[in-house]
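For reference, input-v4.txt is printed below; it contains compact mmCIF, C-alpha atoms.
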```txt
# COMPACT_ATOMS: atom_id res chain seq x y z
CA MET A 2 -146.00 66.17 -90.24
CA GLY A 3 -147.64 69.60 -90.00
CA ARG A 4 -149.28 68.71 -86.69
CA VAL A 5 -145.96 67.44 -85.26
CA SER A 6 -144.08 70.59 -86.29
CA SER A 7 -146.90 72.74 -84.84
CA LYS A 8 -146.68 70.86 -81.53
CA LEU A 9 -142.89 71.31 -81.54
CA ALA A 10 -143.30 75.05 -82.19
CA GLY A 11 -145.82 75.27 -79.32
CA ALA A 12 -143.45 73.42 -77.00
CA TYR A 13 -140.57 75.69 -78.08
CA TRP A 14 -142.49 78.86 -77.19
CA ALA A 15 -143.74 77.33 -73.93
CA VAL A 16 -140.14 76.52 -72.88
CA THR A 17 -139.06 80.03 -73.95
CA LEU A 18 -141.77 81.68 -71.83
CA ALA A 19 -140.94 79.40 -68.86
CA THR A 20 -137.24 80.36 -69.01
CA LEU A 21 -138.24 84.03 -69.35
CA VAL A 22 -140.36 83.83 -66.19
CA CYS A 23 -137.45 82.08 -64.44
CA ALA A 24 -135.03 84.81 -65.60
CA LEU A 25 -137.39 87.55 -64.41
CA LEU A 26 -137.71 85.91 -60.99
CA MET A 27 -133.93 85.61 -60.75
CA ALA A 28 -133.41 89.27 -61.69
CA TRP A 29 -135.96 90.57 -59.19
CA ARG A 30 -135.79 87.96 -56.37
CA TYR A 31 -132.42 86.21 -56.49
CA ALA A 32 -129.81 88.71 -57.76
CA PRO A 33 -128.74 91.31 -55.19
CA THR A 34 -129.17 95.02 -55.84
CA GLU A 35 -125.92 96.55 -57.05
CA ALA A 36 -124.35 98.91 -54.48
CA SER A 37 -123.47 101.93 -56.63
CA MET A 38 -126.02 101.77 -59.48
CA GLY A 39 -128.95 100.51 -57.42
CA VAL A 40 -132.00 98.86 -58.98
CA SER A 41 -131.38 100.32 -62.47
CA GLN A 42 -128.45 97.88 -62.85
CA LYS A 43 -131.14 95.20 -63.42
CA ILE A 44 -131.74 96.73 -66.89
CA PHE A 45 -128.35 95.21 -67.77
CA TYR A 46 -129.79 91.63 -67.53
CA LEU A 47 -132.05 92.44 -70.48
CA HIS A 48 -129.78 94.92 -72.31
CA LEU A 49 -126.65 92.75 -72.72
CA PRO A 50 -128.28 89.49 -73.94
CA VAL A 51 -130.44 91.50 -76.39
CA ALA A 52 -127.26 93.21 -77.69
CA VAL A 53 -125.71 89.75 -78.28
CA GLY A 54 -129.02 88.69 -79.93
CA THR A 55 -128.70 91.69 -82.28
CA PHE A 56 -125.25 90.47 -83.35
CA LEU A 57 -126.63 86.94 -83.82
CA ALA A 58 -129.53 88.13 -86.00
CA ALA A 59 -127.19 90.38 -88.01
CA PHE A 60 -124.83 87.44 -88.50
CA VAL A 61 -127.70 85.24 -89.75
CA SER A 62 -128.61 87.99 -92.23
CA PHE A 63 -124.97 88.37 -93.33
CA ALA A 64 -124.22 84.64 -93.68
CA SER A 65 -127.51 83.97 -95.53
CA ALA A 66 -126.85 86.90 -97.85
CA ALA A 67 -123.42 85.45 -98.66
CA ALA A 68 -125.07 82.03 -99.23
CA TYR A 69 -127.64 83.65 -101.57
CA ILE A 70 -124.94 85.33 -103.64
CA TRP A 71 -123.13 81.98 -103.86
CA THR A 72 -126.13 79.76 -104.65
CA ARG A 73 -128.84 82.22 -105.90
CA SER A 74 -131.42 80.22 -103.95
CA GLN A 75 -134.44 82.33 -102.86
CA ARG A 76 -134.49 80.40 -99.58
CA TRP A 77 -131.27 82.13 -98.43
CA ASP A 78 -132.62 85.57 -99.30
CA ASP A 79 -135.73 84.85 -97.20
CA LEU A 80 -133.53 83.86 -94.25
CA SER A 81 -131.37 86.97 -94.70
CA ASN A 82 -134.52 89.12 -94.69
CA ALA A 83 -135.76 87.40 -91.51
CA GLY A 84 -132.40 87.98 -89.77
CA ALA A 85 -132.38 91.68 -90.72
CA ARG A 86 -135.92 92.20 -89.39
CA VAL A 87 -135.06 90.63 -86.03
CA ALA A 88 -131.79 92.60 -85.93
CA VAL A 89 -133.77 95.85 -86.24
CA LEU A 90 -136.17 94.81 -83.48
CA TYR A 91 -133.39 93.70 -81.12
CA CYS A 92 -131.23 96.75 -81.87
CA THR A 93 -134.24 98.99 -81.10
CA VAL A 94 -134.62 97.26 -77.71
CA VAL A 95 -130.87 97.68 -77.04
CA LEU A 96 -131.01 101.40 -77.83
CA VAL A 97 -134.21 102.03 -75.83
CA THR A 98 -133.11 100.08 -72.72
CA GLY A 99 -129.65 101.69 -72.94
CA MET A 100 -131.17 105.17 -73.16
CA ILE A 101 -133.39 104.54 -70.14
CA TRP A 102 -130.40 103.24 -68.17
CA ALA A 103 -128.33 106.30 -69.24
CA ARG A 104 -131.11 108.66 -68.10
CA SER A 105 -131.25 106.90 -64.75
CA GLU A 106 -127.46 106.75 -64.22
CA TRP A 107 -125.92 109.63 -66.19
CA ASN A 108 -128.97 111.91 -66.17
CA VAL A 109 -128.87 112.15 -69.98
CA TRP A 110 -130.84 110.15 -72.55
CA TRP A 111 -128.06 110.00 -75.11
CA THR A 112 -124.37 110.75 -75.57
CA TRP A 113 -122.39 110.39 -78.81
CA SER A 114 -119.86 107.93 -77.39
CA PRO A 115 -118.26 105.54 -79.95
CA ARG A 116 -120.29 102.47 -78.94
CA LEU A 117 -123.58 104.32 -78.85
CA THR A 118 -122.84 105.97 -82.19
CA PHE A 119 -121.91 102.67 -83.89
CA SER A 120 -124.98 101.00 -82.32
CA PHE A 121 -127.23 103.75 -83.68
CA LEU A 122 -125.52 103.38 -87.07
CA LEU A 123 -126.23 99.61 -86.94
CA TRP A 124 -129.92 100.32 -86.33
CA LEU A 125 -129.98 102.85 -89.19
CA LEU A 126 -128.26 100.41 -91.59
CA TYR A 127 -130.69 97.55 -90.94
CA ALA A 128 -133.74 99.87 -90.82
CA ALA A 129 -132.64 101.21 -94.23
CA TYR A 130 -132.38 97.58 -95.45
CA LEU A 131 -136.06 97.06 -94.61
CA VAL A 132 -136.98 100.27 -96.45
CA LEU A 133 -134.77 99.39 -99.43
CA ARG A 134 -136.12 95.87 -100.07
CA PRO A 135 -139.70 96.66 -101.14
CA SER A 136 -138.49 99.48 -103.40
CA ILE A 137 -136.90 96.94 -105.81
CA ARG A 138 -139.50 95.24 -108.00
CA THR A 139 -137.78 92.20 -109.52
CA ALA A 140 -137.31 89.35 -107.02
CA GLU A 141 -133.84 88.37 -108.29
CA ARG A 142 -132.56 91.95 -108.33
CA ARG A 143 -134.10 92.63 -104.91
CA ALA A 144 -132.41 89.57 -103.42
CA LEU A 145 -129.04 90.46 -104.97
CA VAL A 146 -129.06 94.14 -103.93
CA ALA A 147 -130.34 93.26 -100.43
CA GLY A 148 -127.68 90.53 -100.14
CA VAL A 149 -124.80 92.84 -101.02
CA TYR A 150 -126.25 95.53 -98.74
CA SER A 151 -126.57 93.06 -95.84
CA ILE A 152 -122.92 92.00 -96.21
CA VAL A 153 -121.77 95.65 -96.18
CA ALA A 154 -124.04 96.50 -93.21
CA PHE A 155 -122.54 93.67 -91.16
CA VAL A 156 -119.16 95.49 -91.18
CA ASP A 157 -120.62 97.71 -88.43
CA VAL A 158 -121.08 94.76 -86.02
CA PRO A 159 -117.35 94.31 -85.20
CA LEU A 160 -117.10 98.10 -84.95
CA VAL A 161 -119.81 98.12 -82.25
CA TYR A 162 -117.99 95.36 -80.37
CA LEU A 163 -114.46 96.77 -80.71
CA SER A 164 -115.28 100.48 -80.29
CA VAL A 165 -115.38 100.24 -76.50
CA LYS A 166 -111.99 98.46 -76.46
CA LEU A 167 -110.14 100.56 -79.04
CA LEU A 168 -111.57 104.04 -78.44
CA PRO A 169 -112.06 106.10 -75.28
CA ASP A 170 -115.67 105.46 -74.25
CA ILE A 171 -117.83 105.99 -71.18
CA HIS A 172 -119.92 102.89 -72.02
CA PRO A 173 -119.25 100.14 -69.41
CA SER A 174 -117.12 97.37 -70.97
CA SER A 175 -116.26 94.78 -68.32
CA VAL A 176 -117.82 94.84 -64.86
CA GLU A 177 -117.00 92.70 -61.80
CA LEU A 178 -120.16 90.78 -61.01
CA ASP A 179 -121.34 89.10 -57.83
CA PRO A 180 -121.68 85.32 -58.56
CA ARG A 181 -125.48 85.54 -58.18
CA MET A 182 -125.57 88.42 -60.67
CA ALA A 183 -123.37 86.44 -63.10
CA ARG A 184 -125.69 83.39 -62.84
CA THR A 185 -128.74 85.61 -63.41
CA LEU A 186 -127.11 87.15 -66.47
CA LEU A 187 -126.30 83.69 -67.87
CA VAL A 188 -129.91 82.56 -67.38
CA TRP A 189 -131.14 85.69 -69.21
CA PHE A 190 -129.19 84.66 -72.30
CA VAL A 191 -131.43 81.56 -72.64
CA PRO A 192 -134.89 83.15 -73.25
CA VAL A 193 -133.48 86.14 -75.15
CA THR A 194 -131.57 83.83 -77.54
CA LEU A 195 -134.56 81.47 -77.84
CA ILE A 196 -136.87 84.39 -78.69
CA CYS A 197 -134.31 85.59 -81.26
CA ALA A 198 -134.02 82.16 -82.92
CA GLY A 199 -137.81 81.58 -82.74
CA LEU A 200 -138.53 84.96 -84.34
CA ILE A 201 -136.01 84.37 -87.15
CA ALA A 202 -137.54 80.92 -87.80
CA ALA A 203 -141.11 82.31 -87.76
CA ARG A 204 -140.21 85.27 -90.01
CA PHE A 205 -138.43 82.84 -92.35
CA ARG A 206 -141.55 80.64 -92.65
CA LEU A 207 -143.63 83.74 -93.32
CA ALA A 208 -141.15 85.03 -95.92
CA ARG A 209 -141.15 81.61 -97.64
CA ARG A 210 -144.93 81.69 -97.85
CA GLU A 211 -144.99 85.33 -99.04
CA SER A 212 -142.31 84.79 -101.68
CA GLY A 213 -144.24 81.69 -102.84
CA LEU A 214 -147.41 83.78 -103.17
CA GLY A 215 -145.39 86.48 -104.96
CA GLU A 216 -144.18 83.95 -107.52
CA LEU A 217 -147.78 82.77 -108.03
CA GLY A 218 -148.89 86.38 -108.50
CA ALA A 219 -146.05 87.05 -110.95
CA ALA A 220 -146.88 83.98 -113.05
CA PRO A 221 -148.65 84.79 -116.33
CA MET B 26 -139.02 109.25 -62.00
CA THR B 27 -137.27 106.89 -59.58
CA ASP B 28 -134.63 104.29 -60.55
CA LEU B 29 -137.27 101.58 -60.01
CA GLY B 30 -139.62 103.40 -62.35
CA TYR B 31 -136.98 103.63 -65.10
CA THR B 32 -136.12 99.94 -64.66
CA LEU B 33 -139.75 98.82 -64.87
CA VAL B 34 -140.31 100.98 -67.97
CA ALA B 35 -137.18 99.49 -69.62
CA TYR B 36 -138.37 95.93 -68.94
CA ALA B 37 -141.94 96.69 -70.06
CA LEU B 38 -140.81 98.33 -73.33
CA GLY B 39 -138.09 95.76 -74.10
CA LEU B 40 -140.05 92.61 -73.38
CA GLY B 41 -143.26 94.18 -74.70
CA ALA B 42 -141.61 94.88 -78.06
CA MET B 43 -140.07 91.40 -78.34
CA LEU B 44 -143.15 89.44 -77.28
CA GLY B 45 -145.52 91.79 -79.12
CA TYR B 46 -143.58 91.25 -82.34
CA ALA B 47 -143.60 87.48 -81.73
CA LEU B 48 -147.41 87.55 -81.34
CA SER B 49 -147.77 89.64 -84.48
CA VAL B 50 -145.66 87.19 -86.53
CA MET B 51 -147.62 84.22 -85.10
CA ARG B 52 -150.89 85.92 -86.07
CA LYS B 53 -149.62 86.44 -89.64
CA LEU B 54 -148.49 82.80 -89.80
CA ARG B 55 -151.89 81.68 -88.60
CA ARG B 56 -153.52 83.83 -91.29
CA HIS B 57 -151.45 81.89 -93.83
CA GLY B 58 -152.57 78.62 -92.25
CA LEU B 59 -149.12 77.71 -90.98
CA THR B 60 -149.98 77.12 -87.32
CA PRO B 61 -152.32 74.66 -85.62
CA GLY B 62 -155.99 75.39 -85.17
CA VAL B 63 -156.49 76.90 -88.60
CA ARG B 64 -155.83 74.01 -90.95
CA GLY B 65 -159.21 72.42 -91.73
CA ARG B 66 -161.16 74.87 -89.57
CA GLY B 67 -164.78 75.01 -90.64
CA LYS B 68 -164.55 71.77 -92.59
CA GLU B 69 -166.15 68.51 -91.59
CA GLU B 70 -163.90 65.57 -90.89
CA PRO B 71 -164.16 62.94 -93.67
CA ARG B 72 -166.40 60.07 -92.61
```

Could you write out this file's structure as structure tokens?
Amino acid sequence: MGRVSSKLAGAYWAVTLATLVCALLMAWRYAPTEASMGVSQKIFYLHLPVAVGTFLAAFVSFASAAAYIWTRSQRWDDLSNAGARVAVLYCTVVLVTGMIWARSEWNVWWTWSPRLTFSFLLWLLYAAYLVLRPSIRTAERRALVAGVYSIVAFVDVPLVYLSVKLLPDIHPSSVELDPRMARTLLVWFVPVTLICAGLIAARFRLARRESGLGELGAAP
Amino acid sequence: MTDLGYTLVAYALGLGAMLGYALSVMRKLRRHGLTPGVRGRGKEEPR
């Protein structure tokens, strides 16, 4: 059983890396260079799918936190923790790639536009979650506080999405894409989402093992 | 820095962070004996 699941995990990461190589080749060899933005537009192929991956990871954390509060099963808290960790990583990548693109296009690293501000707030909320968790000693209390916190933090996700539609913002919202660019963007969603799901699954397994060891350590 | 330079740095940092974190998690899993190659390492197969 263990050997089969290990082989499946190996195959999963091999497929993920193969699609990533394919996506990189498409971005640099197949998709044309955008006329006004030039080569820096290619940052968008990584930036947008990672932003969607951030929402996905945050949703996993939110839904698992709600499931923990409903069932009080440690398993859900471990999954919520895994989702929050990946959300922080992905949100960091979104902010860094966005800042580099802004420096290249707007000649500034940062501007306090609504979407950027809400995105930074999202990063702060989930980073604070990771700082908050270890500060609570009892496992049950930690899971409950982290669960409630995760549900509240998720409120920022629709704000990030809607800010560009409801408020005046210089962040690009919808762009007309050449069909080859659109295909390349679609292909990029595959490895980025696979990495996101693979990381959540791996962090979940690790959290299950660590919480199991914690229970052993806590036993008299 | 040129636009190409900024783009390459963005890809290197973004993918480096994601894949680097994946490797770090895999290493921790392996330390806990949850990935192949570790289970039974150093032990003789039963005859």

For this session: Find the residues around region 67-75 of chain A up to 8 Å (only C-alpha atoms counted), leave out those fewer than 2 positions away in its own chain, and share them as a count of residues only.
Result: 11

For this session: Provide as number ranges by chain the residues of chain B at most 8 Å from chain A, counting all atoms listed in the file.
Result: B: 27-29, 31-32, 35-36, 38-39, 42-43, 47, 50-51, 53-54, 57, 60-61

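Take CA of Leu123 (chain A) and CA of Ala140 (chain A): the distance between them is 25.1 Å.
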
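In this model, the gap between CA of Ala37 (chain B) and CA of Leu26 (chain A) comes to 14.7 Å.
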
For this session: Could you check how far CA of Trp124 (chain A) sits from CA of Ala147 (chain A), in Å to one decimal?
Result: 15.8 Å

Axis-aligned box for region 144-154 of chain A, 6 Å per side, centre and edges in Å as AutoDock Vina command-line options:
```
--center_x -127.1 --center_y 93.0 --center_z -99.1 --size_x 22.6 --size_y 18.9 --size_z 23.8
```
